[in-house]
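To keep things clear, I will list the structure first and then write my remarks on it.
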Amino acid sequence: METLFITELKPFLDAVAEQMALYVPIKSGEHYTYSKYDLSGTIAIEFNEVRVCTPVKEFLFPMCELAAVFPKPVEVGQVEPFAVFGLKDCDLRSIDILDKVFAENEFEDQFYINRRENMFIISTDCTQVGESCFCNLFGGQGFSESGFDLNVSKTNNGFIIETGSQKGKNFIEKHSELFADVPDALLAERSENRTQIRSRLEQNNVELQFNAPVREIVQSCQDSAVYDAEAKNCVECQACTRVCPTCHCFYLYDTRSKDYFAKMKMWDSCIRLSYAAVAGGANPHKILGDRLKHRFMHKFVYFLDRYGLDMCVGCGRCIDACAGGIDIKDVLKKLSEEHRNKDQDWDKEQAKLVK
Ligand code: SF4
Ligand code: SF4
């Protein structure tokens, strides 16, 4: 990895935007969303302190797309290269999860793969910790060490750029006039900033120090009343699964016109009543609490068992978006408490047997 230095973002972002479509964070109320970068300079350049409120999956797996047409097959079209600036460590880890589903193993989604191969990732270090962020529970740390083409770290006197791929190196070589050597003092400042962010994440989430792995807690508390209790506040808006960067369920919707039939691929949500319904009317998840439980089981048990990764990156988006005030951190805390009590009951039973 090579590290270089720039004093301003604009010439750097202009150079990216001259080469390909570039999406950048813009401030929207208290949050950030993405907007297309405008070379004329009408959009204020923001260095987003924390992740944007929309998930990166929107760039790779759109909410709705044409998947198949009959009688003529649908062509998997050419995707033009595009860049996204301001992705955080949690975003990059969510892409790893989507890759497992859509680009690795036995099923390959050519629509996803085309976008993925043409995406130029410019990640940035977190400079704040959001109230709902708890990425440290799942190995996050507020900055990325891999998964990017270029990474940008903000310092008091400019920005450190780090290369993470051949694509990133090629860009730097092509625009070498933009970059200078990094002063050693700024590398030390970056290191200090990263340590501070990591320790703030730990301080903010001190209550999430559980006595067992999350998988074990969720798996052993399937009989918990927590899910039905939380379901009383859920209004089934499905916002939690829409904003989640790792939720990837979709359904195929058939439509037809005079000359052809088409299948649309649309985002689905396990919170939806008919999500698990099958022909004949049977539905194993008629009860909302069971649907919430399924979401936890998928994230922390089934996905981990199949792919070796938790299907949550601790970004906290579902907490911010929930109309019912349901907080995944609180649910995990309650489950952890139940798990601890179960363990203590078990120990007491064992002690009785020994006597
Ligand atoms: S479940 Fe919530 S915290 Fe976890 S990745 Fe999805 S949106 Fe982020
Ligand atoms: S965002 Fe909250 S209220 Fe909406 S479906 Fe998800 S858990 Fe229920």
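Residues in the structure tokens are named by chain (A, B, ... in the order shown) and by number from 1 within that chain; ligands are numbered from 1 in the order shown.
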Exercise for the section: Check segment 196-301 of chain A with DSSP on the backbone and list each residue it calls strand (DSSP E), as number ranges by chain. Expected result: A: 250-256, 261-267
Per residue of chain A within 9 Å of ligand 1, what are the shortest atom pair and its distance in Å to one decimal, counting only C-alpha atoms and all ligand atoms, with rows by chain and residue number, as a Markdown table?
```
| residue | atom | partner | partner_atom_place_in_ligand_line | distance |
| --- | --- | --- | --- | --- |
| A:Pro55 | CA | ligand 1 | 7 (S) | 8.3 |
| A:Cys90 | CA | ligand 1 | 5 (S) | 8.0 |
| A:Asp91 | CA | ligand 1 | 5 (S) | 8.9 |
| A:Ser94 | CA | ligand 1 | 5 (S) | 7.3 |
| A:Ser132 | CA | ligand 1 | 3 (S) | 8.1 |
| A:Cys133 | CA | ligand 1 | 3 (S) | 7.5 |
| A:Phe134 | CA | ligand 1 | 3 (S) | 7.4 |
| A:Cys135 | CA | ligand 1 | 3 (S) | 7.8 |
| A:Cys240 | CA | ligand 1 | 7 (S) | 6.3 |
| A:Thr241 | CA | ligand 1 | 6 (Fe) | 7.0 |
| A:Arg242 | CA | ligand 1 | 7 (S) | 8.4 |
| A:Val243 | CA | ligand 1 | 7 (S) | 5.9 |
| A:Cys244 | CA | ligand 1 | 7 (S) | 3.6 |
| A:Pro245 | CA | ligand 1 | 5 (S) | 5.7 |
| A:Thr246 | CA | ligand 1 | 5 (S) | 5.6 |
| A:Cys247 | CA | ligand 1 | 6 (Fe) | 6.7 |
| A:Arg295 | CA | ligand 1 | 1 (S) | 8.5 |
| A:Phe296 | CA | ligand 1 | 1 (S) | 8.2 |
| A:Lys299 | CA | ligand 1 | 1 (S) | 7.3 |
| A:Met311 | CA | ligand 1 | 5 (S) | 6.7 |
| A:Cys312 | CA | ligand 1 | 4 (Fe) | 3.8 |
| A:Val313 | CA | ligand 1 | 5 (S) | 4.4 |
| A:Gly314 | CA | ligand 1 | 3 (S) | 3.9 |
| A:Cys315 | CA | ligand 1 | 8 (Fe) | 3.9 |
| A:Gly316 | CA | ligand 1 | 3 (S) | 3.8 |
| A:Arg317 | CA | ligand 1 | 7 (S) | 4.3 |
| A:Cys318 | CA | ligand 1 | 7 (S) | 4.1 |
| A:Ile319 | CA | ligand 1 | 2 (Fe) | 6.4 |
| A:Asp320 | CA | ligand 1 | 7 (S) | 8.7 |
| A:Ala321 | CA | ligand 1 | 7 (S) | 8.7 |
| A:Asp327 | CA | ligand 1 | 2 (Fe) | 8.6 |
| A:Ile328 | CA | ligand 1 | 2 (Fe) | 6.6 |
| A:Lys329 | CA | ligand 1 | 3 (S) | 8.2 |
```
Problem - Shell of 10 Å around segment 23-36 of chain A, only C-alpha atoms, local chain residues under 5 positions omitted, as a VMD selection string - result: chain A and resid 13 17 43 to 56 59 82 to 87 122
Residues just named, written with N, CA and C atoms as an mmCIF file, in the first residue's frame:
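Done, and the output landed in result.cif:
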```
data_model
loop_
_atom_site.group_PDB
_atom_site.id
_atom_site.type_symbol
_atom_site.label_atom_id
_atom_site.label_comp_id
_atom_site.auth_asym_id
_atom_site.auth_seq_id
_atom_site.Cartn_x
_atom_site.Cartn_y
_atom_site.Cartn_z
ATOM 1 N N LEU A 13 -11.349 15.047 -6.420
ATOM 2 C CA LEU A 13 -12.680 14.571 -6.825
ATOM 3 C C LEU A 13 -12.971 14.951 -8.278
ATOM 4 N N ALA A 17 -14.140 12.480 -11.222
ATOM 5 C CA ALA A 17 -15.392 12.730 -11.961
ATOM 6 C C ALA A 17 -15.147 12.931 -13.456
ATOM 7 N N ILE A 43 -22.424 21.472 -5.995
ATOM 8 C CA ILE A 43 -22.635 20.670 -4.773
ATOM 9 C C ILE A 43 -21.468 20.935 -3.812
ATOM 10 N N ALA A 44 -21.815 21.251 -2.567
ATOM 11 C CA ALA A 44 -20.755 21.483 -1.568
ATOM 12 C C ALA A 44 -20.050 20.154 -1.275
ATOM 13 N N ILE A 45 -18.730 20.187 -1.253
ATOM 14 C CA ILE A 45 -17.992 18.944 -0.983
ATOM 15 C C ILE A 45 -18.009 18.688 0.522
ATOM 16 N N GLU A 46 -18.502 17.516 0.876
ATOM 17 C CA GLU A 46 -18.600 17.149 2.294
ATOM 18 C C GLU A 46 -17.672 15.983 2.563
ATOM 19 N N PHE A 47 -16.963 16.038 3.663
ATOM 20 C CA PHE A 47 -16.258 14.851 4.157
ATOM 21 C C PHE A 47 -17.172 14.302 5.248
ATOM 22 N N ASN A 48 -17.941 13.254 4.913
ATOM 23 C CA ASN A 48 -18.911 12.746 5.891
ATOM 24 C C ASN A 48 -18.197 12.152 7.100
ATOM 25 N N GLU A 49 -18.543 12.684 8.282
ATOM 26 C CA GLU A 49 -17.860 12.211 9.506
ATOM 27 C C GLU A 49 -18.193 10.748 9.809
ATOM 28 N N VAL A 50 -19.469 10.392 9.497
ATOM 29 C CA VAL A 50 -19.923 9.013 9.744
ATOM 30 C C VAL A 50 -20.552 8.487 8.453
ATOM 31 N N ARG A 51 -20.998 7.237 8.469
ATOM 32 C CA ARG A 51 -21.588 6.640 7.268
ATOM 33 C C ARG A 51 -22.851 7.396 6.844
ATOM 34 N N VAL A 52 -23.182 7.349 5.552
ATOM 35 C CA VAL A 52 -24.426 7.981 5.087
ATOM 36 C C VAL A 52 -25.598 7.132 5.556
ATOM 37 N N CYS A 53 -26.832 7.690 5.490
ATOM 38 C CA CYS A 53 -27.956 6.925 6.059
ATOM 39 C C CYS A 53 -28.515 5.888 5.086
ATOM 40 N N THR A 54 -28.141 5.965 3.802
ATOM 41 C CA THR A 54 -28.630 4.953 2.850
ATOM 42 C C THR A 54 -27.562 3.862 2.680
ATOM 43 N N PRO A 55 -27.990 2.636 2.335
ATOM 44 C CA PRO A 55 -27.014 1.535 2.267
ATOM 45 C C PRO A 55 -26.291 1.486 0.930
ATOM 46 N N VAL A 56 -25.049 1.027 0.941
ATOM 47 C CA VAL A 56 -24.247 0.942 -0.287
ATOM 48 C C VAL A 56 -24.847 -0.074 -1.262
ATOM 49 N N PHE A 59 -26.141 0.748 -4.835
ATOM 50 C CA PHE A 59 -25.303 0.883 -6.034
ATOM 51 C C PHE A 59 -25.084 -0.456 -6.741
ATOM 52 N N PHE A 82 -18.096 3.533 -12.348
ATOM 53 C CA PHE A 82 -18.585 4.606 -11.472
ATOM 54 C C PHE A 82 -17.812 4.558 -10.158
ATOM 55 N N ALA A 83 -17.774 5.694 -9.478
ATOM 56 C CA ALA A 83 -17.025 5.776 -8.214
ATOM 57 C C ALA A 83 -17.945 6.239 -7.093
ATOM 58 N N VAL A 84 -17.676 5.755 -5.887
ATOM 59 C CA VAL A 84 -18.417 6.225 -4.712
ATOM 60 C C VAL A 84 -17.382 6.680 -3.683
ATOM 61 N N PHE A 85 -17.537 7.930 -3.249
ATOM 62 C CA PHE A 85 -16.610 8.516 -2.266
ATOM 63 C C PHE A 85 -17.299 8.562 -0.899
ATOM 64 N N GLY A 86 -16.557 8.258 0.145
ATOM 65 C CA GLY A 86 -17.101 8.434 1.503
ATOM 66 C C GLY A 86 -17.656 7.167 2.113
ATOM 67 N N LEU A 87 -17.371 6.005 1.508
ATOM 68 C CA LEU A 87 -17.831 4.754 2.113
ATOM 69 C C LEU A 87 -16.980 4.478 3.360
ATOM 70 N N ILE A 122 -13.896 4.602 -2.991
ATOM 71 C CA ILE A 122 -13.022 5.561 -2.267
ATOM 72 C C ILE A 122 -13.578 5.662 -0.849
#
```
Practice task
Please write out the residues within 8 Å of ligand 2 as a PyMOL selection string, counting only C-alpha atoms and all ligand atoms.
Solution key: chain A and resi 231+233-241+271-272+292+318-319+321-326
Handout entry: All residues 12 Å or closer to Cys221 of chain A, only C-alpha atoms, same chain fewer than 4 positions away omitted, as JSON, numbers by chain
Key = {"A": [214, 215, 216, 217, 225, 226, 227, 293, 296, 297, 301, 331, 332, 333, 334, 335, 336, 337, 338, 339, 340, 341, 342, 343]}
Exercise for the section: Could you give me, as a ChimeraX atom specification, each residue of segment 54-240 of chain A that DSSP assigns to helix (DSSP H, G or I) when run on this structure's backbone? Expected result: /A:57-60,89-102,110-117,135-138,166-174,176-178,184-204,206-208,214-220,226-231,239-240
Exercise for the section: Tell me which protein, DNA and RNA residues are within 7 Å of His285 of chain A, counting only C-alpha atoms, leaving out same-chain ones fewer than 5 positions away, and put them as a list of chain:residue names. Expected result: A:Ala276, A:Asp290, A:Arg291
